[in-house]
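Participant: Sending over start_37.tsv (TSV, N, CA, C and O atoms).
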chain	number	residue	atom	x	y	z
W	312	MET	N	12.77	115.44	65.66
W	312	MET	CA	11.85	114.40	66.06
W	312	MET	C	11.76	113.36	64.95
W	312	MET	O	11.58	113.71	63.79
W	313	SER	N	11.88	112.09	65.29
W	313	SER	CA	11.77	111.05	64.28
W	313	SER	C	10.30	110.68	64.08
W	313	SER	O	9.47	110.83	64.96
W	314	THR	N	10.02	110.23	62.89
W	314	THR	CA	8.66	109.83	62.58
W	314	THR	C	8.41	108.42	63.09
W	314	THR	O	9.34	107.67	63.37
W	315	LEU	N	7.14	108.09	63.20
W	315	LEU	CA	6.71	106.77	63.65
W	315	LEU	C	6.04	106.08	62.47
W	315	LEU	O	5.11	106.64	61.87
W	316	VAL	N	6.51	104.91	62.11
W	316	VAL	CA	5.93	104.13	61.03
W	316	VAL	C	5.10	103.02	61.64
W	316	VAL	O	5.52	102.36	62.59
W	317	VAL	N	3.90	102.84	61.09
W	317	VAL	CA	3.00	101.80	61.56
W	317	VAL	C	2.68	100.88	60.40
W	317	VAL	O	2.36	101.35	59.30
W	318	VAL	N	2.79	99.57	60.64
W	318	VAL	CA	2.37	98.57	59.67
W	318	VAL	C	1.27	97.77	60.34
W	318	VAL	O	1.53	97.03	61.29
W	319	ALA	N	0.04	97.96	59.87
W	319	ALA	CA	-1.10	97.24	60.43
W	319	ALA	C	-1.52	96.18	59.43
W	319	ALA	O	-1.84	96.50	58.28
W	320	THR	N	-1.51	94.93	59.86
W	320	THR	CA	-1.95	93.83	59.02
W	320	THR	C	-3.31	93.38	59.52
W	320	THR	O	-3.46	93.01	60.69
W	321	ILE	N	-4.29	93.44	58.64
W	321	ILE	CA	-5.67	93.13	59.00
W	321	ILE	C	-6.10	91.93	58.16
W	321	ILE	O	-6.11	91.99	56.93
W	322	THR	N	-6.44	90.83	58.82
W	322	THR	CA	-6.86	89.63	58.12
W	322	THR	C	-8.33	89.38	58.43
W	322	THR	O	-8.69	89.10	59.59
W	323	ALA	N	-9.16	89.50	57.41
W	323	ALA	CA	-10.60	89.31	57.58
W	323	ALA	C	-10.91	87.84	57.79
W	323	ALA	O	-10.27	86.96	57.21
W	324	LYS	N	-11.90	87.59	58.62
W	324	LYS	CA	-12.38	86.23	58.81
W	324	LYS	C	-13.13	85.80	57.55
W	324	LYS	O	-13.56	86.63	56.76
W	325	ALA	N	-13.29	84.51	57.38
W	325	ALA	CA	-13.93	83.96	56.19
W	325	ALA	C	-15.27	84.63	55.92
W	325	ALA	O	-16.10	84.77	56.82
W	326	GLY	N	-15.45	85.08	54.69
W	326	GLY	CA	-16.68	85.70	54.27
W	326	GLY	C	-16.85	87.16	54.67
W	326	GLY	O	-17.87	87.78	54.34
W	327	GLN	N	-15.87	87.74	55.35
W	327	GLN	CA	-15.98	89.11	55.84
W	327	GLN	C	-15.09	90.10	55.08
W	327	GLN	O	-15.03	91.28	55.43
W	328	GLN	N	-14.45	89.66	54.00
W	328	GLN	CA	-13.49	90.49	53.29
W	328	GLN	C	-14.08	91.81	52.81
W	328	GLN	O	-13.44	92.86	52.95
W	329	GLU	N	-15.24	91.79	52.22
W	329	GLU	CA	-15.81	93.01	51.64
W	329	GLU	C	-16.21	94.01	52.72
W	329	GLU	O	-16.01	95.22	52.55
W	330	ILE	N	-16.74	93.53	53.84
W	330	ILE	CA	-17.10	94.43	54.94
W	330	ILE	C	-15.85	95.07	55.51
W	330	ILE	O	-15.82	96.29	55.75
W	331	VAL	N	-14.82	94.28	55.72
W	331	VAL	CA	-13.56	94.79	56.26
W	331	VAL	C	-12.93	95.78	55.28
W	331	VAL	O	-12.49	96.86	55.69
W	332	ARG	N	-12.89	95.42	54.02
W	332	ARG	CA	-12.31	96.33	53.01
W	332	ARG	C	-13.04	97.67	52.98
W	332	ARG	O	-12.41	98.73	52.96
W	333	SER	N	-14.34	97.63	52.98
W	333	SER	CA	-15.13	98.86	52.94
W	333	SER	C	-14.84	99.74	54.15
W	333	SER	O	-14.66	100.96	54.02
W	334	ALA	N	-14.77	99.15	55.34
W	334	ALA	CA	-14.47	99.91	56.56
W	334	ALA	C	-13.08	100.51	56.49
W	334	ALA	O	-12.87	101.67	56.89
W	335	LEU	N	-12.11	99.76	55.98
W	335	LEU	CA	-10.74	100.27	55.85
W	335	LEU	C	-10.67	101.42	54.84
W	335	LEU	O	-9.99	102.42	55.09
W	336	GLU	N	-11.36	101.28	53.73
W	336	GLU	CA	-11.34	102.34	52.71
W	336	GLU	C	-11.94	103.64	53.24
W	336	GLU	O	-11.47	104.72	52.90
W	337	LYS	N	-12.96	103.54	54.10
W	337	LYS	CA	-13.61	104.73	54.63
W	337	LYS	C	-12.70	105.55	55.54
W	337	LYS	O	-12.84	106.77	55.64
W	338	VAL	N	-11.77	104.90	56.22
W	338	VAL	CA	-10.92	105.61	57.18
W	338	VAL	C	-9.75	106.33	56.51
W	338	VAL	O	-9.15	107.22	57.10
W	339	VAL	N	-9.44	105.99	55.27
W	339	VAL	CA	-8.27	106.56	54.60
W	339	VAL	C	-8.36	108.07	54.40
W	339	VAL	O	-7.46	108.80	54.85
W	340	PRO	N	-9.38	108.60	53.73
W	340	PRO	CA	-9.39	110.06	53.49
W	340	PRO	C	-9.32	110.92	54.76
W	340	PRO	O	-8.49	111.84	54.82
W	341	PRO	N	-10.13	110.65	55.80
W	341	PRO	CA	-10.02	111.51	56.98
W	341	PRO	C	-8.69	111.34	57.71
W	341	PRO	O	-8.19	112.29	58.32
W	342	SER	N	-8.10	110.17	57.64
W	342	SER	CA	-6.81	109.95	58.28
W	342	SER	C	-5.72	110.73	57.57
W	342	SER	O	-4.86	111.36	58.21
W	343	ARG	N	-5.75	110.73	56.25
W	343	ARG	CA	-4.76	111.49	55.48
W	343	ARG	C	-4.87	112.98	55.74
W	343	ARG	O	-3.88	113.70	55.62
W	344	ALA	N	-6.04	113.43	56.10
W	344	ALA	CA	-6.26	114.87	56.34
W	344	ALA	C	-5.78	115.32	57.72
W	344	ALA	O	-5.71	116.52	57.98
W	345	GLU	N	-5.43	114.40	58.59
W	345	GLU	CA	-4.96	114.76	59.92
W	345	GLU	C	-3.61	115.46	59.84
W	345	GLU	O	-2.74	115.07	59.05
W	346	ALA	N	-3.43	116.45	60.69
W	346	ALA	CA	-2.20	117.25	60.69
W	346	ALA	C	-0.95	116.41	60.91
W	346	ALA	O	0.10	116.68	60.32
W	347	GLY	N	-1.02	115.38	61.73
W	347	GLY	CA	0.15	114.57	62.06
W	347	GLY	C	0.44	113.44	61.10
W	347	GLY	O	1.41	112.70	61.27
W	348	CYS	N	-0.39	113.29	60.07
W	348	CYS	CA	-0.25	112.17	59.14
W	348	CYS	C	0.68	112.52	57.99
W	348	CYS	O	0.50	113.51	57.30
W	349	LEU	N	1.69	111.69	57.78
W	349	LEU	CA	2.61	111.84	56.65
W	349	LEU	C	2.28	110.86	55.53
W	349	LEU	O	2.53	111.13	54.36
W	350	ARG	N	1.73	109.70	55.91
W	350	ARG	CA	1.39	108.67	54.92
W	350	ARG	C	0.33	107.76	55.51
W	350	ARG	O	0.40	107.40	56.69
W	351	TYR	N	-0.64	107.39	54.70
W	351	TYR	CA	-1.70	106.47	55.14
W	351	TYR	C	-2.18	105.74	53.90
W	351	TYR	O	-2.94	106.28	53.10
W	352	GLU	N	-1.68	104.53	53.70
W	352	GLU	CA	-1.93	103.79	52.47
W	352	GLU	C	-2.51	102.41	52.78
W	352	GLU	O	-1.97	101.68	53.60
W	353	LEU	N	-3.58	102.07	52.09
W	353	LEU	CA	-4.21	100.76	52.23
W	353	LEU	C	-3.78	99.88	51.06
W	353	LEU	O	-3.86	100.29	49.90
W	354	HIS	N	-3.34	98.67	51.39
W	354	HIS	CA	-2.90	97.70	50.39
W	354	HIS	C	-3.65	96.39	50.58
W	354	HIS	O	-4.08	96.07	51.68
W	355	HIS	N	-3.77	95.65	49.49
W	355	HIS	CA	-4.39	94.33	49.51
W	355	HIS	C	-3.33	93.30	49.15
W	355	HIS	O	-2.58	93.50	48.19
W	356	ASP	N	-3.25	92.24	49.90
W	356	ASP	CA	-2.26	91.19	49.66
W	356	ASP	C	-2.65	90.39	48.41
W	356	ASP	O	-3.74	89.82	48.36
W	357	ASN	N	-1.78	90.37	47.42
W	357	ASN	CA	-2.07	89.66	46.18
W	357	ASN	C	-2.16	88.15	46.34
W	357	ASN	O	-2.76	87.47	45.51
W	358	SER	N	-1.57	87.61	47.40
W	358	SER	CA	-1.58	86.16	47.58
W	358	SER	C	-2.61	85.70	48.61
W	358	SER	O	-2.77	84.49	48.81
W	359	ASP	N	-3.31	86.63	49.26
W	359	ASP	CA	-4.30	86.27	50.28
W	359	ASP	C	-5.43	87.29	50.24
W	359	ASP	O	-5.28	88.42	50.72
W	360	THR	N	-6.56	86.92	49.68
W	360	THR	CA	-7.67	87.86	49.49
W	360	THR	C	-8.26	88.37	50.80
W	360	THR	O	-9.00	89.36	50.80
W	361	ALA	N	-7.94	87.74	51.90
W	361	ALA	CA	-8.48	88.17	53.19
W	361	ALA	C	-7.56	89.15	53.91
W	361	ALA	O	-7.94	89.71	54.94
W	362	ARG	N	-6.35	89.36	53.38
W	362	ARG	CA	-5.36	90.18	54.10
W	362	ARG	C	-5.18	91.56	53.48
W	362	ARG	O	-4.99	91.72	52.29
W	363	PHE	N	-5.21	92.55	54.38
W	363	PHE	CA	-5.00	93.95	54.02
W	363	PHE	C	-3.84	94.48	54.86
W	363	PHE	O	-3.66	94.05	56.00
W	364	VAL	N	-3.10	95.41	54.29
W	364	VAL	CA	-1.99	96.01	55.02
W	364	VAL	C	-2.11	97.52	54.91
W	364	VAL	O	-2.23	98.07	53.81
W	365	MET	N	-2.10	98.18	56.07
W	365	MET	CA	-2.14	99.63	56.14
W	365	MET	C	-0.73	100.09	56.48
W	365	MET	O	-0.17	99.70	57.51
W	366	LEU	N	-0.14	100.91	55.61
W	366	LEU	CA	1.18	101.49	55.85
W	366	LEU	C	0.96	102.94	56.25
W	366	LEU	O	0.35	103.70	55.50
W	367	GLU	N	1.45	103.30	57.42
W	367	GLU	CA	1.21	104.63	57.96
W	367	GLU	C	2.53	105.26	58.40
W	367	GLU	O	3.44	104.55	58.81
W	368	GLU	N	2.58	106.57	58.33
W	368	GLU	CA	3.72	107.30	58.88
W	368	GLU	C	3.17	108.55	59.56
W	368	GLU	O	2.38	109.29	58.98
W	369	TRP	N	3.61	108.74	60.80
W	369	TRP	CA	3.11	109.83	61.64
W	369	TRP	C	4.25	110.70	62.12
W	369	TRP	O	5.39	110.25	62.22
W	370	HIS	N	3.94	111.94	62.48
W	370	HIS	CA	4.93	112.88	63.00
W	370	HIS	C	5.47	112.46	64.35
W	370	HIS	O	6.32	113.15	64.90
W	371	GLY	N	5.00	111.39	64.91
W	371	GLY	CA	5.49	110.88	66.19
W	371	GLY	C	4.39	110.16	66.93
W	371	GLY	O	3.25	110.04	66.46
W	372	ALA	N	4.72	109.68	68.12
W	372	ALA	CA	3.78	108.90	68.92
W	372	ALA	C	2.55	109.70	69.30
W	372	ALA	O	1.44	109.16	69.34
W	373	GLU	N	2.71	110.98	69.57
W	373	GLU	CA	1.55	111.80	69.95
W	373	GLU	C	0.58	111.94	68.78
W	373	GLU	O	-0.64	111.89	68.98
W	374	ALA	N	1.08	112.11	67.58
W	374	ALA	CA	0.21	112.19	66.41
W	374	ALA	C	-0.57	110.89	66.23
W	374	ALA	O	-1.76	110.92	65.89
W	375	LEU	N	0.07	109.76	66.48
W	375	LEU	CA	-0.62	108.48	66.38
W	375	LEU	C	-1.68	108.36	67.47
W	375	LEU	O	-2.79	107.91	67.21
W	376	ARG	N	-1.36	108.78	68.69
W	376	ARG	CA	-2.36	108.75	69.78
W	376	ARG	C	-3.57	109.60	69.42
W	376	ARG	O	-4.71	109.20	69.66
W	377	GLN	N	-3.33	110.77	68.85
W	377	GLN	CA	-4.44	111.63	68.44
W	377	GLN	C	-5.28	110.96	67.36
W	377	GLN	O	-6.51	111.03	67.38
W	378	HIS	N	-4.62	110.30	66.41
W	378	HIS	CA	-5.33	109.57	65.36
W	378	HIS	C	-6.22	108.48	65.96
W	378	HIS	O	-7.38	108.33	65.58
W	379	GLU	N	-5.67	107.73	66.89
W	379	GLU	CA	-6.42	106.62	67.48
W	379	GLU	C	-7.63	107.09	68.28
W	379	GLU	O	-8.54	106.31	68.54
W	380	ALA	N	-7.66	108.37	68.64
W	380	ALA	CA	-8.78	108.93	69.40
W	380	ALA	C	-9.84	109.57	68.49
W	380	ALA	O	-10.90	109.96	68.99
W	381	THR	N	-9.60	109.64	67.19
W	381	THR	CA	-10.54	110.30	66.29
W	381	THR	C	-11.81	109.47	66.11
W	381	THR	O	-11.78	108.24	66.20
W	382	PRO	N	-12.91	110.13	65.81
W	382	PRO	CA	-14.16	109.40	65.56
W	382	PRO	C	-14.05	108.42	64.38
W	382	PRO	O	-14.61	107.32	64.45
W	383	HIS	N	-13.33	108.80	63.31
W	383	HIS	CA	-13.24	107.89	62.17
W	383	HIS	C	-12.42	106.64	62.50
W	383	HIS	O	-12.76	105.55	62.04
W	384	PHE	N	-11.39	106.75	63.32
W	384	PHE	CA	-10.63	105.57	63.71
W	384	PHE	C	-11.46	104.70	64.65
W	384	PHE	O	-11.49	103.47	64.51
W	385	GLN	N	-12.15	105.32	65.58
W	385	GLN	CA	-13.00	104.56	66.51
W	385	GLN	C	-14.13	103.85	65.75
W	385	GLN	O	-14.50	102.72	66.10
W	386	ALA	N	-14.66	104.48	64.70
W	386	ALA	CA	-15.68	103.84	63.87
W	386	ALA	C	-15.11	102.62	63.15
W	386	ALA	O	-15.79	101.60	63.01
W	387	LEU	N	-13.86	102.72	62.70
W	387	LEU	CA	-13.21	101.58	62.06
W	387	LEU	C	-13.09	100.41	63.04
W	387	LEU	O	-13.43	99.27	62.70
W	388	ILE	N	-12.63	100.69	64.24
W	388	ILE	CA	-12.48	99.64	65.24
W	388	ILE	C	-13.82	98.96	65.50
W	388	ILE	O	-13.91	97.73	65.59
W	389	ALA	N	-14.87	99.76	65.63
W	389	ALA	CA	-16.20	99.20	65.88
W	389	ALA	C	-16.69	98.37	64.69
W	389	ALA	O	-17.31	97.32	64.87
W	390	ALA	N	-16.40	98.83	63.48
W	390	ALA	CA	-16.89	98.16	62.27
W	390	ALA	C	-16.22	96.80	62.03
W	390	ALA	O	-16.87	95.87	61.56
W	391	ILE	N	-14.93	96.69	62.34
W	391	ILE	CA	-14.23	95.42	62.04
W	391	ILE	C	-14.03	94.54	63.27
W	391	ILE	O	-13.54	93.43	63.15
W	392	GLY	N	-14.41	95.04	64.44
W	392	GLY	CA	-14.27	94.23	65.65
W	392	GLY	C	-14.99	92.91	65.50
W	392	GLY	O	-16.16	92.86	65.14
W	393	GLY	N	-14.29	91.82	65.72
W	393	GLY	CA	-14.88	90.50	65.58
W	393	GLY	C	-14.89	89.96	64.16
W	393	GLY	O	-15.17	88.79	63.95
W	394	LEU	N	-14.60	90.82	63.18
W	394	LEU	CA	-14.62	90.39	61.79
W	394	LEU	C	-13.23	90.16	61.22
W	394	LEU	O	-13.09	89.66	60.11
W	395	ALA	N	-12.21	90.57	61.97
W	395	ALA	CA	-10.84	90.48	61.45
W	395	ALA	C	-9.86	90.34	62.61
W	395	ALA	O	-10.14	90.75	63.74
W	396	GLN	N	-8.72	89.79	62.28
W	396	GLN	CA	-7.60	89.73	63.21
W	396	GLN	C	-6.65	90.86	62.81
W	396	GLN	O	-6.35	91.03	61.62
W	397	VAL	N	-6.19	91.63	63.79
W	397	VAL	CA	-5.35	92.79	63.51
W	397	VAL	C	-4.02	92.66	64.24
W	397	VAL	O	-3.99	92.35	65.43
W	398	HIS	N	-2.95	92.90	63.51
W	398	HIS	CA	-1.61	92.94	64.11
W	398	HIS	C	-1.00	94.29	63.75
W	398	HIS	O	-0.97	94.67	62.58
W	399	VAL	N	-0.54	95.02	64.76
W	399	VAL	CA	0.03	96.34	64.54
W	399	VAL	C	1.49	96.35	64.99
W	399	VAL	O	1.79	95.98	66.12
W	400	ALA	N	2.38	96.78	64.09
W	400	ALA	CA	3.79	96.96	64.41
W	400	ALA	C	4.09	98.45	64.34
W	400	ALA	O	3.77	99.10	63.34
W	401	LYS	N	4.69	98.98	65.40
W	401	LYS	CA	5.10	100.39	65.44
W	401	LYS	C	6.61	100.42	65.32
W	401	LYS	O	7.31	99.83	66.13
W	402	LEU	N	7.10	101.09	64.29
W	402	LEU	CA	8.51	101.01	63.92
W	402	LEU	C	9.18	102.38	63.96
W	402	LEU	O	8.56	103.39	63.61
W	403	THR	N	10.45	102.39	64.34
W	403	THR	CA	11.28	103.58	64.27
W	403	THR	C	12.35	103.32	63.23
W	403	THR	O	13.06	102.31	63.28
W	404	LYS	N	12.47	104.21	62.27
W	404	LYS	CA	13.44	104.05	61.20
W	404	LYS	C	14.86	104.23	61.75
W	404	LYS	O	15.15	105.20	62.44
W	405	LEU	N	15.72	103.28	61.43
W	405	LEU	CA	17.11	103.33	61.88
W	405	LEU	C	18.05	103.87	60.81
W	405	LEU	O	19.04	104.52	61.11
W	406	ALA	N	17.78	103.55	59.56
W	406	ALA	CA	18.66	103.97	58.47
W	406	ALA	C	17.90	104.11	57.20
W	406	ALA	O	16.83	103.60	57.03
So that I can check it, write out the structure of this file as structure tokens.
Facilitator:
Amino acid sequence: MSTLVVVATITAKAGQQEIVRSALEKVVPPSRAEAGCLRYELHHDNSDTARFVMLEEWHGAEALRQHEATPHFQALIAAIGGLAQVHVAKLTKLA
């Protein structure tokens, strides 16, 4: 089974950076503890203080679906809804 890599780019709206950052930081520990999680890393863009990038790797699509159904992930969605623009890319490693 191939792993699923997720690159989530979260751009906070003006003045919302700290709220968005705090919500993102809270989801990291419980996400890393999930059985299907191989990697869950939060990064901050050095050239744009409003942009955060979450690099994730999962045991597959089902592990990601289970993650998206967790209370901590749902709390994140509720916390940043309307405060940030989110773009999610789901990638399959070729080489």
Participant: DSSP on the backbone: which residues in chain W end up as alpha helix (DSSP H)? Give the answer as an MDAnalysis selection string.
Facilitator: chainID W and resid 328:343 372:379 382:391
Participant: Selection from above, N, CA, C and O atoms, as a tab-separated table (two decimals), in the frame of the given file, can you write it?
Facilitator:
chain	number	residue	atom	x	y	z
W	328	GLN	N	-14.45	89.66	54.00
W	328	GLN	CA	-13.49	90.49	53.29
W	328	GLN	C	-14.08	91.81	52.81
W	328	GLN	O	-13.44	92.86	52.95
W	329	GLU	N	-15.24	91.79	52.22
W	329	GLU	CA	-15.81	93.01	51.64
W	329	GLU	C	-16.21	94.01	52.72
W	329	GLU	O	-16.01	95.22	52.55
W	330	ILE	N	-16.74	93.53	53.84
W	330	ILE	CA	-17.10	94.43	54.94
W	330	ILE	C	-15.85	95.07	55.51
W	330	ILE	O	-15.82	96.29	55.75
W	331	VAL	N	-14.82	94.28	55.72
W	331	VAL	CA	-13.56	94.79	56.26
W	331	VAL	C	-12.93	95.78	55.28
W	331	VAL	O	-12.49	96.86	55.69
W	332	ARG	N	-12.89	95.42	54.02
W	332	ARG	CA	-12.31	96.33	53.01
W	332	ARG	C	-13.04	97.67	52.98
W	332	ARG	O	-12.41	98.73	52.96
W	333	SER	N	-14.34	97.63	52.98
W	333	SER	CA	-15.13	98.86	52.94
W	333	SER	C	-14.84	99.74	54.15
W	333	SER	O	-14.66	100.96	54.02
W	334	ALA	N	-14.77	99.15	55.34
W	334	ALA	CA	-14.47	99.91	56.56
W	334	ALA	C	-13.08	100.51	56.49
W	334	ALA	O	-12.87	101.67	56.89
W	335	LEU	N	-12.11	99.76	55.98
W	335	LEU	CA	-10.74	100.27	55.85
W	335	LEU	C	-10.67	101.42	54.84
W	335	LEU	O	-9.99	102.42	55.09
W	336	GLU	N	-11.36	101.28	53.73
W	336	GLU	CA	-11.34	102.34	52.71
W	336	GLU	C	-11.94	103.64	53.24
W	336	GLU	O	-11.47	104.72	52.90
W	337	LYS	N	-12.96	103.54	54.10
W	337	LYS	CA	-13.61	104.73	54.63
W	337	LYS	C	-12.70	105.55	55.54
W	337	LYS	O	-12.84	106.77	55.64
W	338	VAL	N	-11.77	104.90	56.22
W	338	VAL	CA	-10.92	105.61	57.18
W	338	VAL	C	-9.75	106.33	56.51
W	338	VAL	O	-9.15	107.22	57.10
W	339	VAL	N	-9.44	105.99	55.27
W	339	VAL	CA	-8.27	106.56	54.60
W	339	VAL	C	-8.36	108.07	54.40
W	339	VAL	O	-7.46	108.80	54.85
W	340	PRO	N	-9.38	108.60	53.73
W	340	PRO	CA	-9.39	110.06	53.49
W	340	PRO	C	-9.32	110.92	54.76
W	340	PRO	O	-8.49	111.84	54.82
W	341	PRO	N	-10.13	110.65	55.80
W	341	PRO	CA	-10.02	111.51	56.98
W	341	PRO	C	-8.69	111.34	57.71
W	341	PRO	O	-8.19	112.29	58.32
W	342	SER	N	-8.10	110.17	57.64
W	342	SER	CA	-6.81	109.95	58.28
W	342	SER	C	-5.72	110.73	57.57
W	342	SER	O	-4.86	111.36	58.21
W	343	ARG	N	-5.75	110.73	56.25
W	343	ARG	CA	-4.76	111.49	55.48
W	343	ARG	C	-4.87	112.98	55.74
W	343	ARG	O	-3.88	113.70	55.62
W	372	ALA	N	4.72	109.68	68.12
W	372	ALA	CA	3.78	108.90	68.92
W	372	ALA	C	2.55	109.70	69.30
W	372	ALA	O	1.44	109.16	69.34
W	373	GLU	N	2.71	110.98	69.57
W	373	GLU	CA	1.55	111.80	69.95
W	373	GLU	C	0.58	111.94	68.78
W	373	GLU	O	-0.64	111.89	68.98
W	374	ALA	N	1.08	112.11	67.58
W	374	ALA	CA	0.21	112.19	66.41
W	374	ALA	C	-0.57	110.89	66.23
W	374	ALA	O	-1.76	110.92	65.89
W	375	LEU	N	0.07	109.76	66.48
W	375	LEU	CA	-0.62	108.48	66.38
W	375	LEU	C	-1.68	108.36	67.47
W	375	LEU	O	-2.79	107.91	67.21
W	376	ARG	N	-1.36	108.78	68.69
W	376	ARG	CA	-2.36	108.75	69.78
W	376	ARG	C	-3.57	109.60	69.42
W	376	ARG	O	-4.71	109.20	69.66
W	377	GLN	N	-3.33	110.77	68.85
W	377	GLN	CA	-4.44	111.63	68.44
W	377	GLN	C	-5.28	110.96	67.36
W	377	GLN	O	-6.51	111.03	67.38
W	378	HIS	N	-4.62	110.30	66.41
W	378	HIS	CA	-5.33	109.57	65.36
W	378	HIS	C	-6.22	108.48	65.96
W	378	HIS	O	-7.38	108.33	65.58
W	379	GLU	N	-5.67	107.73	66.89
W	379	GLU	CA	-6.42	106.62	67.48
W	379	GLU	C	-7.63	107.09	68.28
W	379	GLU	O	-8.54	106.31	68.54
W	382	PRO	N	-12.91	110.13	65.81
W	382	PRO	CA	-14.16	109.40	65.56
W	382	PRO	C	-14.05	108.42	64.38
W	382	PRO	O	-14.61	107.32	64.45
W	383	HIS	N	-13.33	108.80	63.31
W	383	HIS	CA	-13.24	107.89	62.17
W	383	HIS	C	-12.42	106.64	62.50
W	383	HIS	O	-12.76	105.55	62.04
W	384	PHE	N	-11.39	106.75	63.32
W	384	PHE	CA	-10.63	105.57	63.71
W	384	PHE	C	-11.46	104.70	64.65
W	384	PHE	O	-11.49	103.47	64.51
W	385	GLN	N	-12.15	105.32	65.58
W	385	GLN	CA	-13.00	104.56	66.51
W	385	GLN	C	-14.13	103.85	65.75
W	385	GLN	O	-14.50	102.72	66.10
W	386	ALA	N	-14.66	104.48	64.70
W	386	ALA	CA	-15.68	103.84	63.87
W	386	ALA	C	-15.11	102.62	63.15
W	386	ALA	O	-15.79	101.60	63.01
W	387	LEU	N	-13.86	102.72	62.70
W	387	LEU	CA	-13.21	101.58	62.06
W	387	LEU	C	-13.09	100.41	63.04
W	387	LEU	O	-13.43	99.27	62.70
W	388	ILE	N	-12.63	100.69	64.24
W	388	ILE	CA	-12.48	99.64	65.24
W	388	ILE	C	-13.82	98.96	65.50
W	388	ILE	O	-13.91	97.73	65.59
W	389	ALA	N	-14.87	99.76	65.63
W	389	ALA	CA	-16.20	99.20	65.88
W	389	ALA	C	-16.69	98.37	64.69
W	389	ALA	O	-17.31	97.32	64.87
W	390	ALA	N	-16.40	98.83	63.48
W	390	ALA	CA	-16.89	98.16	62.27
W	390	ALA	C	-16.22	96.80	62.03
W	390	ALA	O	-16.87	95.87	61.56
W	391	ILE	N	-14.93	96.69	62.34
W	391	ILE	CA	-14.23	95.42	62.04
W	391	ILE	C	-14.03	94.54	63.27
W	391	ILE	O	-13.54	93.43	63.15
Participant: Go through W:Glu367, W:Leu349, W:Thr381, W:Ala374 and flag the residue nearest Leu402 of chain W, using all atoms listed in the file for the distances.
Facilitator: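 Smallest distance to Leu402 of chain W is found for W:Glu367.
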Participant: When you look at Gly371 of chain W with a cut-off of 7 Å (counting all atoms listed in the file), what residues show up, excluding the ones that are within fewer than 4 positions of it in the same chain? I need them as a ChimeraX atom specification.
Facilitator: /W:312-315,347,375-376
Participant: Padding 6 Å on each side, edges along x, y and z: where is the centre of the box around the listed atoms of segment 362-378 of chain W, and how long are its edges in Å to one decimal? Output it as AutoDock Vina command-line options.
Facilitator:
--center_x -0.5 --center_y 101.3 --center_z 61.1 --size_x 25.7 --size_y 35.8 --size_z 29.7
Participant: Smallest atom-to-atom distance to Lys337 of chain W: which of W:Ile321, W:Ala400, W:Leu405, W:Leu387, using all atoms listed in the file?
Facilitator: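 Among the listed residues, W:Leu387 lies closest to Lys337 of chain W.
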Participant: Need the shell around Ala325 of chain W: protein/DNA/RNA residues with any atom at most 10 Å away, counting only C-alpha atoms. Skip same-chain ones fewer than 4 positions apart. Format as a PDB file with N, CA, C and O atoms, in the coordinates of the input?
Facilitator:
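Wrote part.pdb, looks like this:
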ATOM      1  N   THR W 360      -6.560  86.920  49.680  1.00  0.00           N
ATOM      2  CA  THR W 360      -7.670  87.860  49.490  1.00  0.00           C
ATOM      3  C   THR W 360      -8.260  88.370  50.800  1.00  0.00           C
ATOM      4  O   THR W 360      -9.000  89.360  50.800  1.00  0.00           O
ATOM      5  N   ALA W 361      -7.940  87.740  51.900  1.00  0.00           N
ATOM      6  CA  ALA W 361      -8.480  88.170  53.190  1.00  0.00           C
ATOM      7  C   ALA W 361      -7.560  89.150  53.910  1.00  0.00           C
ATOM      8  O   ALA W 361      -7.940  89.710  54.940  1.00  0.00           O
ATOM      9  N   LEU W 394     -14.600  90.820  63.180  1.00  0.00           N
ATOM     10  CA  LEU W 394     -14.620  90.390  61.790  1.00  0.00           C
ATOM     11  C   LEU W 394     -13.230  90.160  61.220  1.00  0.00           C
ATOM     12  O   LEU W 394     -13.090  89.660  60.110  1.00  0.00           O
ATOM     13  N   ALA W 395     -12.210  90.570  61.970  1.00  0.00           N
ATOM     14  CA  ALA W 395     -10.840  90.480  61.450  1.00  0.00           C
ATOM     15  C   ALA W 395      -9.860  90.340  62.610  1.00  0.00           C
ATOM     16  O   ALA W 395     -10.140  90.750  63.740  1.00  0.00           O
TER      17      ALA W 395
END
Participant: Taking only N, CA, C and O atoms into account, which of W:Lys401, W:Gln327, W:Glu336, W:Val317 comes nearest Leu366 of chain W?
Facilitator: W:Val317
Participant: Identify which of the residues W:Thr320, W:Ala389, W:Arg332, W:Glu368 lies closest to Ala346 of chain W, counting only C-alpha atoms when measuring atom-to-atom distances.
Facilitator: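 For Ala346 of chain W, the nearest of the candidates is W:Glu368.
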Participant: Which residue, W:Ala380, W:Ala406, W:Val397, W:Cys348, has the smallest gap to Leu335 of chain W when you use only C-alpha atoms?
Facilitator: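 Checking each candidate against Leu335 of chain W, we get W:Val397 as the closest.
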Participant: Of the candidates W:Ala334, W:Val318, W:Val339, W:Gln328, which shows the shortest atom-to-atom distance to Ile388 of chain W, using only N, CA, C and O atoms?
Facilitator: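 When distances to Ile388 of chain W are compared using only N, CA, C and O atoms, the smallest one comes from W:Ala334.
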Participant: Quick one: segment 388-392 of chain W from the block, N, CA and C atoms, as a tab-separated table (two decimals), in the first residue's frame.
Facilitator:
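Done, and the output landed in out26.tsv:
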chain	number	residue	atom	x	y	z
W	388	ILE	N	-11.09	22.78	12.18
W	388	ILE	CA	-11.92	23.34	11.11
W	388	ILE	C	-12.83	24.43	11.66
W	389	ALA	N	-13.44	24.17	12.81
W	389	ALA	CA	-14.34	25.14	13.42
W	389	ALA	C	-13.58	26.40	13.86
W	390	ALA	N	-12.37	26.22	14.38
W	390	ALA	CA	-11.59	27.34	14.91
W	390	ALA	C	-11.09	28.28	13.81
W	391	ILE	N	-10.72	27.74	12.65
W	391	ILE	CA	-10.15	28.61	11.61
W	391	ILE	C	-11.14	28.94	10.50
W	392	GLY	N	-12.33	28.35	10.54
W	392	GLY	CA	-13.33	28.65	9.53
W	392	GLY	C	-13.61	30.14	9.46
